[in-house]
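Okay, structure first, notes after.
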Amino acid sequence: MTESYETIQYDVLVIGAGGAGLRAATEAAAQGARTGLVSKSLLGKAHTVMAEGGLAAAMGNVDSRDNWKVHFRDTMRGGKMVNNWKMAHIHAMEAPDRVKELEEWGAVFDRTADGRILQRPFGGHQYPRLVHVGDRTGLEMIRTLQNHSIHQGFGIHTECVITHLLKDGDRLAGAFGYWRTSGKFVLFQAKAVVLATGGVGRVFNFTSNSWECTGDGHALAMRAGAEIIDMEFIQFHPTGMVWPPSVRGVLVTEGVRGEGGVLLNSQGERFMFRYIPEMFAADVASTPEEASRWLAGDSTARRPPELLTRDVVARAIRSEVDQGRGSPHGGAFLNIASQRTPDYIRRKLPSMYHQFMKLANLDITKEPMEVHPTCHYIMGGMRVDAETAHSRVPGLFGAGEVTGGMHGANRLGGNSLSDLLVFGRRAGLHAAQFAAGQNGFAAIDPKQIETAQQESLIPFHQAAQGEKTENPYQLLADLRTMMEARAGIWRTQEGLEKGLQELNTLKERASHLSVAGGRAYNPAWNYAVDLHNMLLVAEAIMVSALHREESRGGHTRVDFPTSSSDLEKVTTVVNLKDGGLAWKKEARPTMPDELKELLK
Amino acid sequence: MSGNHEQMGKTVKVRVFRGEGGQGALKEHDVPVTPGMVVLDAVHHIQAADSGDLAARWNCKAGKCGSCAAEVNGKPKLMCMTRMDTLPQDQPVTIEPLQTFPHLRDLVTDVSWNFQVNKTIPPLNPKPREADGTYRMAQMDIDRVQEFHKCIECFLCQDVCHILRNHKAEDFAGPRFLVRNAALCMHPLDTEDRLPDLKDKFNLGYCNITKCCTEVCPEEIHITDNAIIPLKERLAGRFYDPLAALGRVLKGD
Ligand SMILES: Cc1cc2nc3c(=O)[nH]c(=O)nc-3n(C[C@H](O)[C@H](O)[C@H](O)COP(=O)(O)OP(=O)(O)OC[C@H]3O[C@@H](n4cnc5c(N)ncnc54)[C@H](O)[C@@H]3O)c2cc1C
Ligand code: SF4
Ligand code: SF4
Ligand code: FES
């Protein structure tokens with residue numbers, strides 16, 4: 001029997017109110033589409049709010065040698081050449097315009113001496129390129145978009161969780177979910193849907209991600225028949241907090257290294273000089289002396305090795321720890337106090353100063369921090385067309401962290417915030433155009449709604465039967481521990497195979513999830529629903545990782561430690577087939593010569 | 001940090017408000033203490049141990065999103081930034097929802113009124129770009145605006161302000177939105193005249209500068225000194241100073 005539910009109709013429904021969703025909805029509304037936006041939490045709280053270091057756009061304000069071509073080259077090299085080069089190309093070309101637009105909507109970025117937007121150096125970017133506001137760039141971005149959005153005439157529905165995408169044959173028909181405050185069901189009928197649900201970081205034990213990053217969009221896309229690519233590529237950010245345990249995994253912005261912070265092992269050695277990959281040797285300082293000159297502004301000096309791409313720095317820290325040269329709590333030391341004055345540190349890194357003072361009783365203007373890699377970002381996600389952000393399911397679009405391809409095997413810092421704006425806008429634009437071409441709404445199949453309701457309510461029914469039951473909090477903790485051990489920074493065939501077996505046990509346990517209490521604002525129930533998405537995402541990650549027998553970017557196979565030139569030519573694709581996860585390798589399209597030229 | 005190790009193996013009594021629509025009571029739990037633990041960790045422990053349906057908002061657990069506001073031992077705080085070892089060790093820790101907003105469930109309140117007020121503030125109305133397509137702003141001229149933009153919309157200041165808390169004056173924008181108005185007024189690009197709204201719509205005049213808001217702001221924004229008082233001065237300059245008013249008439253302002 002179907003419980004009654006509310007129905008809301010839109011031309012374009014955007015799922016997710018982070019940077020990508022807010023930008024998409026703004027654009028769809030500007031195109032004249034009746035647009036609605038839903039999010040799991042309150043407006044302005046999405047994970048984007050946490051972004052710290054900045055937004056990458058080749059404006060050339062600090063070093064006029066910068067332009068989109070260099071940005072494209074850096075993005076491809078940082079991504080270890082397996083990026084969707086069309087996306088990387090569009091991204092590098094359009095990012096500066098998206099920044100200017102934000103400024104017009106009220107963002108107040110840090111300035112150069114002549115009053116233009118200041119740009120800071122960041123890992124893997126050849127020139128100072130990150131537009132920023134101290135170390136709270138994400139806050140500036142989301143608040144600007146939020147305060148602009150509320151005047152664009154689109155509907156905003158917060159604390160609403162989408163659990164199912166509905167289809168009419170091949171075509172997308174809408175989305176079904178529940179209000180967190182009441183637990184009641186809601187149907188959104190839509191001519192086009194934009195997924196902007198962000199990442200999956202919560203499937204790992206140590207992560208910088210907020211609670212919402214449970215991979216809902218990745219799972220919704222798979223269940224709707226879309227393809228997911230590159231799921232083996234997970235970014236472990238080199239610098240997460242280590243101590244105290246309460247904050248383990250919380251991010252220490254790369255801005256600390258951008259502003260000159262150095263990495264040291266327990267012997268006081270600046271170890272990064274030992275880990276410079278050949279591919280980057282020509283761009284990186286070879287001595288601490290050269291690195292100091294760079295910090296002092298000498299444009300003939302090369303960047304310090306602490307600013308190598310994240311995958312490289314993360315592996316280096318982990319290796320130092322594994323080889324017994326770690327800090328007291330099992331990390332490396334990150335020292336900015338020895339490089340900059342206390343005043344400068346407090347001005348350029350205010351939230352880091354505050355975060356360590358408050359949570360760790362540590363004054364970063366005086367003492368070094370302890371850091372260890374933490375799960376930060378997923379490069380993989382729904383496959384979309386570079387120009388239109390359209391997936392292969394008619395009417396289903398995507399933007400932001402939920403999509404794959406743009407960042408290849410490793411994302412450069414700052415390239416996510418710019419990605420959200422560039423492809424958020426494109427997704428909104430093309431979703432609106434798609435909706436305009438539709439003849440009314442697609443039919444809603446009552447059977448699909450009945451199933452959706454039943455699936456969501458299972459955790460309540462089982463409690464009544466009094467059989468073997470599982471606590472969602474416990475299952476969540478076990479899943480995260482398993483993923484950390486099996487699919488973390490070091491991976492092996494044996495580990496991944498064991499992980500997949502353990503996952504089967506977890507899936508079986510998930511069928512006995514049981515929650516007490518009512519439906520209104522019940523976090524146990526909310527987790528029980530999210531867990532099914534997390535389990536599917538975990539499987540997609542492990543299957544993809546198992547079948548890429550090489551190491552590249554955010555995917556390190558201890559049993560295949562080098563990169564393979566053959567595997568550079570393929571993408572891992574997963575989708576759901578007959579209820580199970582299927583995978584295949586697909587040849588990547590070759591790059592046109594004029595772009596290849598830029599990579600030299 | 002040595003003090004943390006001494007707490008290992010200890011438990012602390014935590015009392016959490018449970019109930020709906022303002023009706024309910026404190027429920028006491030024994031919570032094991034771990035080094036560096038924050039109040040939000042205690043809430044998570046209670047949820048996982050035996051109260052799965054304990055409702056509480058949080059997102060980032062890093063003091064960046066402003067979701068986890070609650071009243072800890074009667075004081076408005078971010079749960080994720082309040083370390084247990086900063087609270088009196090010899091008495092139970094009490095966690096209650098914000099008192100100024102309508103109660104929904106357990107620690108969750110209905111803060112939607114704040115979003116409605118925000119919507120009534122006219123957006124930035126920027127002046128045209130320079131000839132070279134840029135906007136030029138000196139860092140010195142935006143330091144203040146950037147201070148205001150640190151706001152994470154935790155609404156702790158709204159919770160503590162007596163005009164909202166005790167007098168329920170819904171025609172008062174509250175400190176958060178006076179800060180936002182100040183950020184727009186001092187924005188070098190803005191061309192909107194915001195003083196009439198501040199006087200008549202947002203009722204800046206209600207504020208009697210008790211500074212309670214400034215004291216609770218986790219972002220350490222100088223709400224009263226840097227936002228409210230300068231706005232009051234501008235307002236006084238415009239509407240109550242007869243000489244300035246005459247000057248405006250003469251200049252055609
Ligand atoms: C600490 C930290 C610092 C970072 N710093 C930087 C940086 O300096 N520069 C940079 O470029 N990148 C940075 N990143 C990465 C960047 O912040 C994220 O990749 C980006 O914000 C993701 O944005 P998004 O719009 O795709 O999704 P999110 O901001 O994650 O938003 C997802 C939205 O989807 C909603 N949602 C999810 N599932 C559902 C559902 N089932 N139903 C309804 N709504 C749903 C959520 O409620 C939320 O509103 C950082 C990340 C972290 C963790
Ligand atoms: S200073 Fe004004 S706004 Fe702040 S709490 Fe007091 S009365 Fe309210
Ligand atoms: S001004 Fe401070 S206290 Fe008020 S909402 Fe903003 S951050 Fe919170
Ligand atoms: S959870 Fe984000 S501020 Fe506390």
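Every chain in the structure tokens has a letter given in the order shown (A, B, ...), and although residue numbers restart at 1 in each chain, ligands are simply numbered from 1 in the order shown.
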May I have a table of the residues of chain B lying at most 9 Å from ligand 4, giving each one's closest pair of atoms and their distance in Å to one decimal, counting only C-alpha atoms and all ligand atoms, ordered by chain and ascending residue number, as a Markdown table?
```
| residue | atom | partner | partner_atom_place_in_ligand_line | distance |
| --- | --- | --- | --- | --- |
| B:Leu40 | CA | ligand 4 | 4 (Fe) | 7.8 |
| B:Arg57 | CA | ligand 4 | 1 (S) | 7.4 |
| B:Trp58 | CA | ligand 4 | 1 (S) | 4.0 |
| B:Asn59 | CA | ligand 4 | 1 (S) | 4.4 |
| B:Cys60 | CA | ligand 4 | 2 (Fe) | 4.0 |
| B:Lys61 | CA | ligand 4 | 1 (S) | 3.8 |
| B:Ala62 | CA | ligand 4 | 2 (Fe) | 5.5 |
| B:Gly63 | CA | ligand 4 | 3 (S) | 3.5 |
| B:Lys64 | CA | ligand 4 | 3 (S) | 4.7 |
| B:Cys65 | CA | ligand 4 | 2 (Fe) | 3.9 |
| B:Gly66 | CA | ligand 4 | 3 (S) | 3.8 |
| B:Ser67 | CA | ligand 4 | 2 (Fe) | 5.0 |
| B:Cys68 | CA | ligand 4 | 4 (Fe) | 4.4 |
| B:Ala69 | CA | ligand 4 | 4 (Fe) | 7.0 |
| B:Leu78 | CA | ligand 4 | 4 (Fe) | 5.4 |
| B:Met79 | CA | ligand 4 | 4 (Fe) | 5.9 |
| B:Cys80 | CA | ligand 4 | 4 (Fe) | 4.4 |
| B:Met81 | CA | ligand 4 | 4 (Fe) | 6.5 |
| B:Ile152 | CA | ligand 4 | 3 (S) | 7.7 |
| B:Cys154 | CA | ligand 4 | 3 (S) | 7.3 |
```
Counting only C-alpha atoms and all ligand atoms, name the residues that have an atom within 12 Å of an atom of ligand 2; the answer should be given as a PyMOL selection string. chain B and resi 155-169+172-179+202-217+221-229+231-232
How about saving the chosen residues, C-alpha atoms kept, as a PDB file, in the first residue's frame?
```pdb
ATOM      1  CA  PHE B 155      22.865  31.927  14.794  1.00  0.00           C
ATOM      2  CA  LEU B 156      24.410  31.823  18.269  1.00  0.00           C
ATOM      3  CA  CYS B 157      24.271  35.625  18.297  1.00  0.00           C
ATOM      4  CA  GLN B 158      20.591  35.561  17.340  1.00  0.00           C
ATOM      5  CA  ASP B 159      19.987  33.036  20.109  1.00  0.00           C
ATOM      6  CA  VAL B 160      21.570  35.182  22.794  1.00  0.00           C
ATOM      7  CA  CYS B 161      20.256  38.608  21.784  1.00  0.00           C
ATOM      8  CA  HIS B 162      17.605  39.598  24.342  1.00  0.00           C
ATOM      9  CA  ILE B 163      15.535  41.454  21.753  1.00  0.00           C
ATOM     10  CA  LEU B 164      14.914  38.176  19.943  1.00  0.00           C
ATOM     11  CA  ARG B 165      15.171  35.843  22.919  1.00  0.00           C
ATOM     12  CA  ASN B 166      13.020  37.657  25.463  1.00  0.00           C
ATOM     13  CA  HIS B 167      11.031  40.180  23.475  1.00  0.00           C
ATOM     14  CA  LYS B 168      10.516  37.988  20.382  1.00  0.00           C
ATOM     15  CA  ALA B 169      10.727  41.138  18.251  1.00  0.00           C
ATOM     16  CA  PHE B 172      14.346  43.214  14.467  1.00  0.00           C
ATOM     17  CA  ALA B 173      16.867  41.679  12.030  1.00  0.00           C
ATOM     18  CA  GLY B 174      19.132  40.530  14.853  1.00  0.00           C
ATOM     19  CA  PRO B 175      22.918  40.777  15.076  1.00  0.00           C
ATOM     20  CA  ARG B 176      23.635  38.291  12.271  1.00  0.00           C
ATOM     21  CA  PHE B 177      21.725  40.301   9.730  1.00  0.00           C
ATOM     22  CA  LEU B 178      22.976  43.631  10.989  1.00  0.00           C
ATOM     23  CA  VAL B 179      26.435  42.194  10.302  1.00  0.00           C
ATOM     24  CA  PHE B 202      15.431  46.014  10.348  1.00  0.00           C
ATOM     25  CA  ASN B 203      14.957  48.316  13.352  1.00  0.00           C
ATOM     26  CA  LEU B 204      18.611  48.850  14.137  1.00  0.00           C
ATOM     27  CA  GLY B 205      17.407  51.268  16.828  1.00  0.00           C
ATOM     28  CA  TYR B 206      16.180  48.400  19.036  1.00  0.00           C
ATOM     29  CA  CYS B 207      19.742  47.304  19.770  1.00  0.00           C
ATOM     30  CA  ASN B 208      20.955  48.773  23.046  1.00  0.00           C
ATOM     31  CA  ILE B 209      24.537  47.572  22.628  1.00  0.00           C
ATOM     32  CA  THR B 210      24.670  44.971  25.381  1.00  0.00           C
ATOM     33  CA  LYS B 211      27.407  43.170  23.381  1.00  0.00           C
ATOM     34  CA  CYS B 212      26.084  39.716  24.299  1.00  0.00           C
ATOM     35  CA  CYS B 213      26.186  38.808  20.599  1.00  0.00           C
ATOM     36  CA  THR B 214      29.874  39.646  20.252  1.00  0.00           C
ATOM     37  CA  GLU B 215      30.709  37.515  23.278  1.00  0.00           C
ATOM     38  CA  VAL B 216      29.276  34.313  21.789  1.00  0.00           C
ATOM     39  CA  CYS B 217      30.429  34.673  18.183  1.00  0.00           C
ATOM     40  CA  ILE B 221      33.499  38.982  14.669  1.00  0.00           C
ATOM     41  CA  HIS B 222      33.319  42.301  16.529  1.00  0.00           C
ATOM     42  CA  ILE B 223      29.600  42.482  15.905  1.00  0.00           C
ATOM     43  CA  THR B 224      28.866  45.497  18.050  1.00  0.00           C
ATOM     44  CA  ASP B 225      32.042  47.562  17.728  1.00  0.00           C
ATOM     45  CA  ASN B 226      32.693  47.018  14.043  1.00  0.00           C
ATOM     46  CA  ALA B 227      29.223  46.476  12.558  1.00  0.00           C
ATOM     47  CA  ILE B 228      26.394  47.772  14.743  1.00  0.00           C
ATOM     48  CA  ILE B 229      27.942  50.928  16.204  1.00  0.00           C
ATOM     49  CA  LEU B 231      25.797  51.565  11.336  1.00  0.00           C
ATOM     50  CA  LYS B 232      24.151  53.451  14.194  1.00  0.00           C
TER      51      LYS B 232
END
```
Could you build a table of the residues in chain A lying no more than 7 Å from ligand 1, giving for each the nearest pair of atoms and their separation in Å rounded to one decimal place, using only C-alpha atoms and all ligand atoms, ordered by chain and ascending residue number, as a Markdown table?
```
| residue | atom | partner | partner_atom_place_in_ligand_line | distance |
| --- | --- | --- | --- | --- |
| A:Ile15 | CA | ligand 1 | 44 (N) | 5.1 |
| A:Gly16 | CA | ligand 1 | 34 (O) | 3.1 |
| A:Ala17 | CA | ligand 1 | 49 (O) | 3.6 |
| A:Gly18 | CA | ligand 1 | 29 (O) | 3.4 |
| A:Gly19 | CA | ligand 1 | 25 (O) | 4.0 |
| A:Ala20 | CA | ligand 1 | 25 (O) | 3.8 |
| A:Gly21 | CA | ligand 1 | 25 (O) | 5.6 |
| A:Val38 | CA | ligand 1 | 43 (C) | 5.4 |
| A:Ser39 | CA | ligand 1 | 44 (N) | 3.6 |
| A:Lys40 | CA | ligand 1 | 47 (O) | 3.6 |
| A:Ser41 | CA | ligand 1 | 47 (O) | 4.9 |
| A:Ala46 | CA | ligand 1 | 49 (O) | 4.4 |
| A:His47 | CA | ligand 1 | 29 (O) | 3.9 |
| A:Thr48 | CA | ligand 1 | 21 (O) | 3.2 |
| A:Val49 | CA | ligand 1 | 21 (O) | 6.8 |
| A:Met50 | CA | ligand 1 | 1 (C) | 4.8 |
| A:Ala51 | CA | ligand 1 | 5 (N) | 3.2 |
| A:Glu52 | CA | ligand 1 | 8 (O) | 4.0 |
| A:Gly53 | CA | ligand 1 | 8 (O) | 3.4 |
| A:Gly54 | CA | ligand 1 | 8 (O) | 4.2 |
| A:Leu55 | CA | ligand 1 | 11 (O) | 5.1 |
| A:Ala56 | CA | ligand 1 | 11 (O) | 6.9 |
| A:Thr137 | CA | ligand 1 | 8 (O) | 6.5 |
| A:Gly138 | CA | ligand 1 | 17 (O) | 6.6 |
| A:Cys160 | CA | ligand 1 | 43 (C) | 5.7 |
| A:Val161 | CA | ligand 1 | 42 (N) | 3.7 |
| A:Ile162 | CA | ligand 1 | 42 (N) | 3.8 |
| A:Thr163 | CA | ligand 1 | 41 (N) | 5.7 |
| A:Ala196 | CA | ligand 1 | 26 (O) | 5.4 |
| A:Thr197 | CA | ligand 1 | 34 (O) | 3.3 |
| A:Gly198 | CA | ligand 1 | 27 (O) | 3.3 |
| A:Gly199 | CA | ligand 1 | 30 (O) | 5.8 |
| A:Ser208 | CA | ligand 1 | 53 (C) | 4.6 |
| A:Asn209 | CA | ligand 1 | 53 (C) | 4.3 |
| A:Ser210 | CA | ligand 1 | 53 (C) | 6.8 |
| A:Glu212 | CA | ligand 1 | 46 (C) | 5.8 |
| A:Cys213 | CA | ligand 1 | 30 (O) | 6.1 |
| A:Gly215 | CA | ligand 1 | 38 (N) | 7.0 |
| A:Asp216 | CA | ligand 1 | 38 (N) | 4.9 |
| A:Gly217 | CA | ligand 1 | 38 (N) | 5.9 |
| A:Val250 | CA | ligand 1 | 1 (C) | 6.9 |
| A:Leu251 | CA | ligand 1 | 1 (C) | 5.0 |
| A:Thr253 | CA | ligand 1 | 3 (C) | 6.6 |
| A:His376 | CA | ligand 1 | 53 (C) | 5.6 |
| A:Tyr377 | CA | ligand 1 | 19 (O) | 6.1 |
| A:Ala399 | CA | ligand 1 | 26 (O) | 6.5 |
| A:Gly400 | CA | ligand 1 | 26 (O) | 3.6 |
| A:Glu401 | CA | ligand 1 | 26 (O) | 4.0 |
| A:Val402 | CA | ligand 1 | 26 (O) | 6.0 |
| A:Gly413 | CA | ligand 1 | 9 (N) | 5.3 |
| A:Gly414 | CA | ligand 1 | 11 (O) | 3.1 |
| A:Asn415 | CA | ligand 1 | 11 (O) | 4.5 |
| A:Ser416 | CA | ligand 1 | 11 (O) | 3.5 |
| A:Leu417 | CA | ligand 1 | 11 (O) | 3.8 |
| A:Ser418 | CA | ligand 1 | 11 (O) | 6.3 |
| A:Leu420 | CA | ligand 1 | 25 (O) | 5.8 |
```
Please extract the residues of stretch 132-203 of chain B with a backbone DSSP assignment of alpha helix (DSSP H) and present them as a ChimeraX atom specification. /B:139-148,156-160,162-165,175-185,195-200
Do you know which residues are at most 10 Å from B:Trp113 counting only C-alpha atoms, after dropping those on the same chain fewer than 2 positions away, and could you put them as a PDB file with N, CA, C and O atoms, in the first residue's frame?
```pdb
ATOM      1  N   PHE B 101      14.597  29.880  19.218  1.00  0.00           N
ATOM      2  CA  PHE B 101      13.856  29.445  18.030  1.00  0.00           C
ATOM      3  C   PHE B 101      12.881  28.328  18.379  1.00  0.00           C
ATOM      4  O   PHE B 101      13.101  27.585  19.331  1.00  0.00           O
ATOM      5  N   PRO B 102      11.805  28.191  17.565  1.00  0.00           N
ATOM      6  CA  PRO B 102      10.816  27.146  17.864  1.00  0.00           C
ATOM      7  C   PRO B 102      11.477  25.774  17.915  1.00  0.00           C
ATOM      8  O   PRO B 102      12.281  25.432  17.031  1.00  0.00           O
ATOM      9  N   ASP B 110      13.818  25.100  14.806  1.00  0.00           N
ATOM     10  CA  ASP B 110      13.426  25.626  13.502  1.00  0.00           C
ATOM     11  C   ASP B 110      14.048  27.007  13.337  1.00  0.00           C
ATOM     12  O   ASP B 110      13.560  27.987  13.896  1.00  0.00           O
ATOM     13  N   VAL B 111      15.133  27.075  12.557  1.00  0.00           N
ATOM     14  CA  VAL B 111      15.835  28.350  12.389  1.00  0.00           C
ATOM     15  C   VAL B 111      15.429  29.057  11.094  1.00  0.00           C
ATOM     16  O   VAL B 111      16.088  29.986  10.651  1.00  0.00           O
ATOM     17  N   PHE B 115      16.495  32.610   7.717  1.00  0.00           N
ATOM     18  CA  PHE B 115      16.630  32.596   6.265  1.00  0.00           C
ATOM     19  C   PHE B 115      15.612  33.539   5.617  1.00  0.00           C
ATOM     20  O   PHE B 115      15.881  34.144   4.581  1.00  0.00           O
ATOM     21  N   GLN B 116      14.449  33.675   6.276  1.00  0.00           N
ATOM     22  CA  GLN B 116      13.453  34.621   5.745  1.00  0.00           C
ATOM     23  C   GLN B 116      13.945  36.058   5.877  1.00  0.00           C
ATOM     24  O   GLN B 116      13.799  36.854   4.955  1.00  0.00           O
ATOM     25  N   VAL B 117      14.526  36.390   7.020  1.00  0.00           N
ATOM     26  CA  VAL B 117      15.050  37.749   7.195  1.00  0.00           C
ATOM     27  C   VAL B 117      16.120  38.022   6.139  1.00  0.00           C
ATOM     28  O   VAL B 117      16.133  39.070   5.487  1.00  0.00           O
ATOM     29  N   ASN B 118      16.993  37.037   5.932  1.00  0.00           N
ATOM     30  CA  ASN B 118      18.085  37.224   4.975  1.00  0.00           C
ATOM     31  C   ASN B 118      17.551  37.600   3.597  1.00  0.00           C
ATOM     32  O   ASN B 118      18.107  38.441   2.907  1.00  0.00           O
ATOM     33  N   GLU B 170      10.098  40.177  16.105  1.00  0.00           N
ATOM     34  CA  GLU B 170      10.374  39.639  14.778  1.00  0.00           C
ATOM     35  C   GLU B 170      10.676  40.729  13.752  1.00  0.00           C
ATOM     36  O   GLU B 170      11.101  40.429  12.636  1.00  0.00           O
ATOM     37  N   ALA B 173      16.120  42.630  12.859  1.00  0.00           N
ATOM     38  CA  ALA B 173      16.867  41.679  12.030  1.00  0.00           C
ATOM     39  C   ALA B 173      17.788  40.799  12.870  1.00  0.00           C
ATOM     40  O   ALA B 173      18.110  39.682  12.484  1.00  0.00           O
TER      41      ALA B 173
END
```
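Nearest to A:Lys86 of all the residues A:Thr158, A:Ser564, A:Asn361, A:Thr388 is A:Thr388, counting only C-alpha atoms.
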Nearest-residue call for ligand 3, choices B:His44, B:Arg136, B:His149, B:Arg105, using only C-alpha atoms and all ligand atoms: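 Closest to ligand 3 of all the choices is B:His149.
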Would you compute the distance between atom CA of B:Ala183 and atom CA of B:Lys150? Give it in Å to one decimal. 10.5 Å
I want to know what sits within 8 Å of B:Glu28, based on only C-alpha atoms, with residues of the same chain fewer than 5 positions away left out; could you give that as a list in words?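 My list of contacting residues is Lys13, Val14, Arg15 and Val16 of chain B.
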So that I can see what lies close to A:Gly404, please list as a ChimeraX atom specification the residues with an atom at most 8 Å from it, counting only C-alpha atoms and leaving out residues fewer than 4 positions away in the same chain. /A:228-230,379-384,408
Within 10 Å of stretch 570-586 of chain A using only C-alpha atoms, minus same-chain residues under 2 positions, as a ChimeraX atom specification: /A:82-84,219,221-232,380-383,405,408,536,539-541,543-545,547-548,565-568,588-589
Residue neighbourhood B:Met84, 7 Å, only C-alpha atoms, exclusion window fewer than 4 positions, as a list of chain:residue names: B:Met37, B:Val38, B:Val39
Counting only C-alpha atoms and all ligand atoms, figure out which residue out of B:Ala182, B:Val43, B:Val93, B:Ala55 gets nearest to ligand 3.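 Of the candidates, the smallest distance to ligand 3 is held by B:Ala182.
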Kindly indicate which residue among A:Gln119, A:Ser266, A:Ser327, A:Gln146 lies nearest to chain B, using only C-alpha atoms for the distances.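 Among the listed residues, A:Gln146 lies closest to chain B.
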Using only C-alpha atoms for the distances, tell me which of A:Ala432, A:Ala113, A:Val99, A:Met272 is nearest to chain B.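 Of the candidates, the smallest distance to chain B is held by A:Ala113.
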